[in-house]
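Enquirer: First the structure, which I've put down as structure tokens, then a few questions once you've had a look.
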Amino acid sequence: MPAWALKAGAAAATIVFAVLAAHHVTGHVKTSGAPLHPSVLQITAGVRTADVQPVTSTYAS
Amino acid sequence: MPAERLSFPALGSPCHLFVRHGPAGRMLEGRAWVEAMHRRLTRFDPSSELSRLNADRGIWVEVSAELEALLHACLRAYELSGGLVNAGVLESMLAIGYTRPLAAGPTAAVLEAARPLPPLPEVLELRPGRARVSGGGIDLGGVAKGWLADRLCERIGGECLVNLGGDLFARGRWPVGLGRKTVLLEDMGAATSSTRARRWGDQHHLVDPRTGLPSRGDISEMSVVARNGFEAEVAAKTALLLGRERAPAWLAASCLAWSFS
């Protein structure tokens with residue numbers, strides 16, 4: 001294979017990957033409010049869970 | 001039997017009362033009581049009982065039985081939290097711009113004026129029927145809702161649930177949301193503390209007494225189940241300020257369930 005073909009192929013591959021990367025990044029914008037750590041839930045033996053609709057919740061106000 | 005429900009705004013928050021197997025008329029009395037407590041305890045009304053106590057700095061002031069009991073609860077919260085729940089936070093609240101209800105918008109922050117808080121027992125002294133505030137002022141925002149929820153459940157009686165701005169007490173057995181789970185609370189309290197609510201610009205309302213500034217810890221929201229609403233509210237704020245590394249061991253020693261992110 002001639003050298004110019006290898007150079008052209010490498011250049012084309014670089015451009016294609018750059019375009020794909022730019023497309024991916026702009027489609028996955030970082031959510032600034034997202035938690036940096038996973039949520040933690042701990043329930044001791046003194047409390048039971050239930051598979052029912054809660055009447056209300058504790059929440060921040 | 002389905003529960004009767006009454007929702008209304010008070011204490012700067014949405015409030016909800018539920019009654020099962022009891023007279024629904026008690027909820028109307030309960031609402032009136034919460035609204036009366038709001039008028040007495042708000043720091044945004046210069047004529048409230050709390051504002052008059054804060055204004056008369058260094059002077060022994062006669063206080064109502066309810067305010068006296070709540071001020072005792074503040075001292076208890078300070079003790080339980082190892083100093084992290086400090087009701088003597090008024091000066092910091094004003095410094096960060098939380099000078100009026102947030103519905104009216106914050107005022108300009110003067111962060112240079114914020115200082116680490118002195119120990120609460122140096123700011124607040126109590127004698128039977130009287131109180132004295134020295135130095136900084138008192139803000140009841142970190143203690144009052146859970147404490148009032150406990151008291152109101154006693155007043156309503158029967159099987160009832162009182163949720164004052166997310167800080168609640170369940171008398172009898174009630175399904176309550178905690179994080180993404182439903183837990184059955186039976187004569188237990190729950191509360192949430194967060195840096196995501198009451199937020200403006202880079203500031204929020206949850207002050208770390210060690211700096212006098214809004215908390216910059218690695219927990220943004222903490223929900224806790226404890227023996228009552230007061231202890232849950234104190235625990236939620238304490239654990240949030242302790243952070244991810246220290247909070248779990250502290251919570252395991254005193255709480256029944258918790259969720260944080």
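By order of appearance in the structure tokens: chains A, B, ..., then residues from 1 within every chain, and ligands from 1 in the order shown.
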Could you tell me which residues of chain A sit within 10 Å of chain B when counting only C-alpha atoms, and give me the result as a PyMOL selection string?
Expert: chain A and resi 33-61
Enquirer: DSSP on the backbone, strand (DSSP E or B) only: what residues of chain A does that give? Format it as a PyMOL selection string.
Expert: chain A and resi 40-43+48-49+56-57
Enquirer: Export N, CA and C atoms of the chosen residues as a PDB file, in the first residue's frame?
Expert:
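Below is the file part_28.pdb, written as the result:
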ATOM      1  N   VAL A  40     -27.435   6.303  49.766  1.00  0.00           N
ATOM      2  CA  VAL A  40     -27.301   5.251  50.773  1.00  0.00           C
ATOM      3  C   VAL A  40     -28.619   5.139  51.512  1.00  0.00           C
ATOM      4  N   LEU A  41     -29.132   3.914  51.686  1.00  0.00           N
ATOM      5  CA  LEU A  41     -30.347   3.687  52.457  1.00  0.00           C
ATOM      6  C   LEU A  41     -30.066   2.571  53.451  1.00  0.00           C
ATOM      7  N   GLN A  42     -30.286   2.840  54.734  1.00  0.00           N
ATOM      8  CA  GLN A  42     -30.034   1.851  55.784  1.00  0.00           C
ATOM      9  C   GLN A  42     -31.281   1.760  56.669  1.00  0.00           C
ATOM     10  N   ILE A  43     -31.824   0.571  56.817  1.00  0.00           N
ATOM     11  CA  ILE A  43     -33.006   0.378  57.653  1.00  0.00           C
ATOM     12  C   ILE A  43     -32.676  -0.684  58.684  1.00  0.00           C
ATOM     13  N   ARG A  48     -39.948  -1.600  59.763  1.00  0.00           N
ATOM     14  CA  ARG A  48     -40.353  -2.503  58.680  1.00  0.00           C
ATOM     15  C   ARG A  48     -40.611  -1.712  57.419  1.00  0.00           C
ATOM     16  N   THR A  49     -40.302  -2.320  56.285  1.00  0.00           N
ATOM     17  CA  THR A  49     -40.658  -1.703  55.016  1.00  0.00           C
ATOM     18  C   THR A  49     -41.991  -2.298  54.558  1.00  0.00           C
ATOM     19  N   THR A  56     -47.635   9.910  53.199  1.00  0.00           N
ATOM     20  CA  THR A  56     -46.845  11.133  53.104  1.00  0.00           C
ATOM     21  C   THR A  56     -45.369  10.745  53.163  1.00  0.00           C
ATOM     22  N   SER A  57     -44.500  11.706  53.003  1.00  0.00           N
ATOM     23  CA  SER A  57     -43.060  11.429  53.035  1.00  0.00           C
ATOM     24  C   SER A  57     -42.362  12.480  53.876  1.00  0.00           C
TER      25      SER A  57
END
Enquirer: Could you give me, as a list in words, the residues within 12 Å of Glu29 of chain B, counting only C-alpha atoms and dropping anything in the same chain fewer than 4 positions from it?
Expert: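 Here the answer would be Leu6, Leu17, Pro23, Ala24, Gly25, Trp33, Val34, Glu35, Ala36, Leu152, Cys153, Arg155, Ile156 and Gly157 of chain B.
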Enquirer: Hey, can you spit out that residue selection with N, CA and C atoms as a PDB file, in the first residue's frame?
Expert:
ATOM      1  N   LEU B   6     -55.715  16.969  56.256  1.00  0.00           N
ATOM      2  CA  LEU B   6     -55.832  18.428  56.197  1.00  0.00           C
ATOM      3  C   LEU B   6     -54.456  18.991  55.845  1.00  0.00           C
ATOM      4  N   LEU B  17     -51.800  17.126  58.052  1.00  0.00           N
ATOM      5  CA  LEU B  17     -52.257  16.386  59.226  1.00  0.00           C
ATOM      6  C   LEU B  17     -53.129  15.224  58.756  1.00  0.00           C
ATOM      7  N   PRO B  23     -61.477  11.977  66.038  1.00  0.00           N
ATOM      8  CA  PRO B  23     -62.336  13.068  65.573  1.00  0.00           C
ATOM      9  C   PRO B  23     -61.593  13.975  64.598  1.00  0.00           C
ATOM     10  N   ALA B  24     -62.149  14.120  63.371  1.00  0.00           N
ATOM     11  CA  ALA B  24     -61.492  14.955  62.364  1.00  0.00           C
ATOM     12  C   ALA B  24     -61.446  16.412  62.797  1.00  0.00           C
ATOM     13  N   GLY B  25     -62.379  16.818  63.657  1.00  0.00           N
ATOM     14  CA  GLY B  25     -62.380  18.204  64.126  1.00  0.00           C
ATOM     15  C   GLY B  25     -61.106  18.573  64.855  1.00  0.00           C
ATOM     16  N   TRP B  33     -53.518  25.634  66.155  1.00  0.00           N
ATOM     17  CA  TRP B  33     -52.398  25.626  67.092  1.00  0.00           C
ATOM     18  C   TRP B  33     -51.066  25.852  66.357  1.00  0.00           C
ATOM     19  N   VAL B  34     -50.877  25.176  65.210  1.00  0.00           N
ATOM     20  CA  VAL B  34     -49.631  25.360  64.442  1.00  0.00           C
ATOM     21  C   VAL B  34     -49.499  26.817  63.979  1.00  0.00           C
ATOM     22  N   GLU B  35     -50.595  27.382  63.523  1.00  0.00           N
ATOM     23  CA  GLU B  35     -50.536  28.774  63.058  1.00  0.00           C
ATOM     24  C   GLU B  35     -50.237  29.728  64.214  1.00  0.00           C
ATOM     25  N   ALA B  36     -50.783  29.431  65.382  1.00  0.00           N
ATOM     26  CA  ALA B  36     -50.483  30.265  66.555  1.00  0.00           C
ATOM     27  C   ALA B  36     -49.014  30.131  66.941  1.00  0.00           C
ATOM     28  N   LEU B 152     -47.972  18.185  68.692  1.00  0.00           N
ATOM     29  CA  LEU B 152     -49.303  18.214  68.085  1.00  0.00           C
ATOM     30  C   LEU B 152     -49.927  16.826  68.042  1.00  0.00           C
ATOM     31  N   CYS B 153     -49.109  15.804  67.824  1.00  0.00           N
ATOM     32  CA  CYS B 153     -49.649  14.443  67.858  1.00  0.00           C
ATOM     33  C   CYS B 153     -50.234  14.136  69.237  1.00  0.00           C
ATOM     34  N   ARG B 155     -51.529  16.306  71.244  1.00  0.00           N
ATOM     35  CA  ARG B 155     -52.761  17.089  71.383  1.00  0.00           C
ATOM     36  C   ARG B 155     -53.916  16.468  70.613  1.00  0.00           C
ATOM     37  N   ILE B 156     -53.614  15.986  69.403  1.00  0.00           N
ATOM     38  CA  ILE B 156     -54.683  15.419  68.574  1.00  0.00           C
ATOM     39  C   ILE B 156     -55.143  14.084  69.139  1.00  0.00           C
ATOM     40  N   GLY B 157     -54.211  13.247  69.563  1.00  0.00           N
ATOM     41  CA  GLY B 157     -54.543  11.947  70.136  1.00  0.00           C
ATOM     42  C   GLY B 157     -54.970  10.941  69.074  1.00  0.00           C
TER      43      GLY B 157
END
Enquirer: Go through B:Gly22, B:Pro118, B:Pro128, B:Gly158 and flag the residue nearest Val89 of chain B, using only C-alpha atoms for the distances.
Expert: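 Closest to Val89 of chain B, using only C-alpha atoms: B:Pro118.
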Enquirer: Between atom CA of Gly212 of chain B and atom CA of Cys74 of chain B, measure the distance and give it in Å to one decimal.
Expert: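 Separation between atom CA of Gly212 of chain B and atom CA of Cys74 of chain B: 17.4 Å.
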Enquirer: Which of segment 39-108 of chain B counts as alpha helix (DSSP H) under DSSP, as a ChimeraX atom specification please?
Expert: /B:39-41,49-55,65-80,90-95
Enquirer: Given only C-alpha atoms as the basis, pick out the residue of B:Ala131, B:Ala114, B:Ala77, B:Leu148 nearest to Gly30 of chain B.
Expert: B:Leu148
Enquirer: Report, in Å to a single decimal, how far apart atom CA of Val85 of chain B and atom CA of Glu112 of chain B are.
Expert: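 Spanning atom CA of Glu112 of chain B to atom CA of Val85 of chain B is a straight-line distance of 21.8 Å.
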Enquirer: As JSON, numbers by chain, please: the residues near Glu49 of chain B (cut-off 8 Å, only C-alpha atoms, same-chain neighbours under 3 positions excluded).
Expert: {"B": [40, 41, 52, 53, 63]}
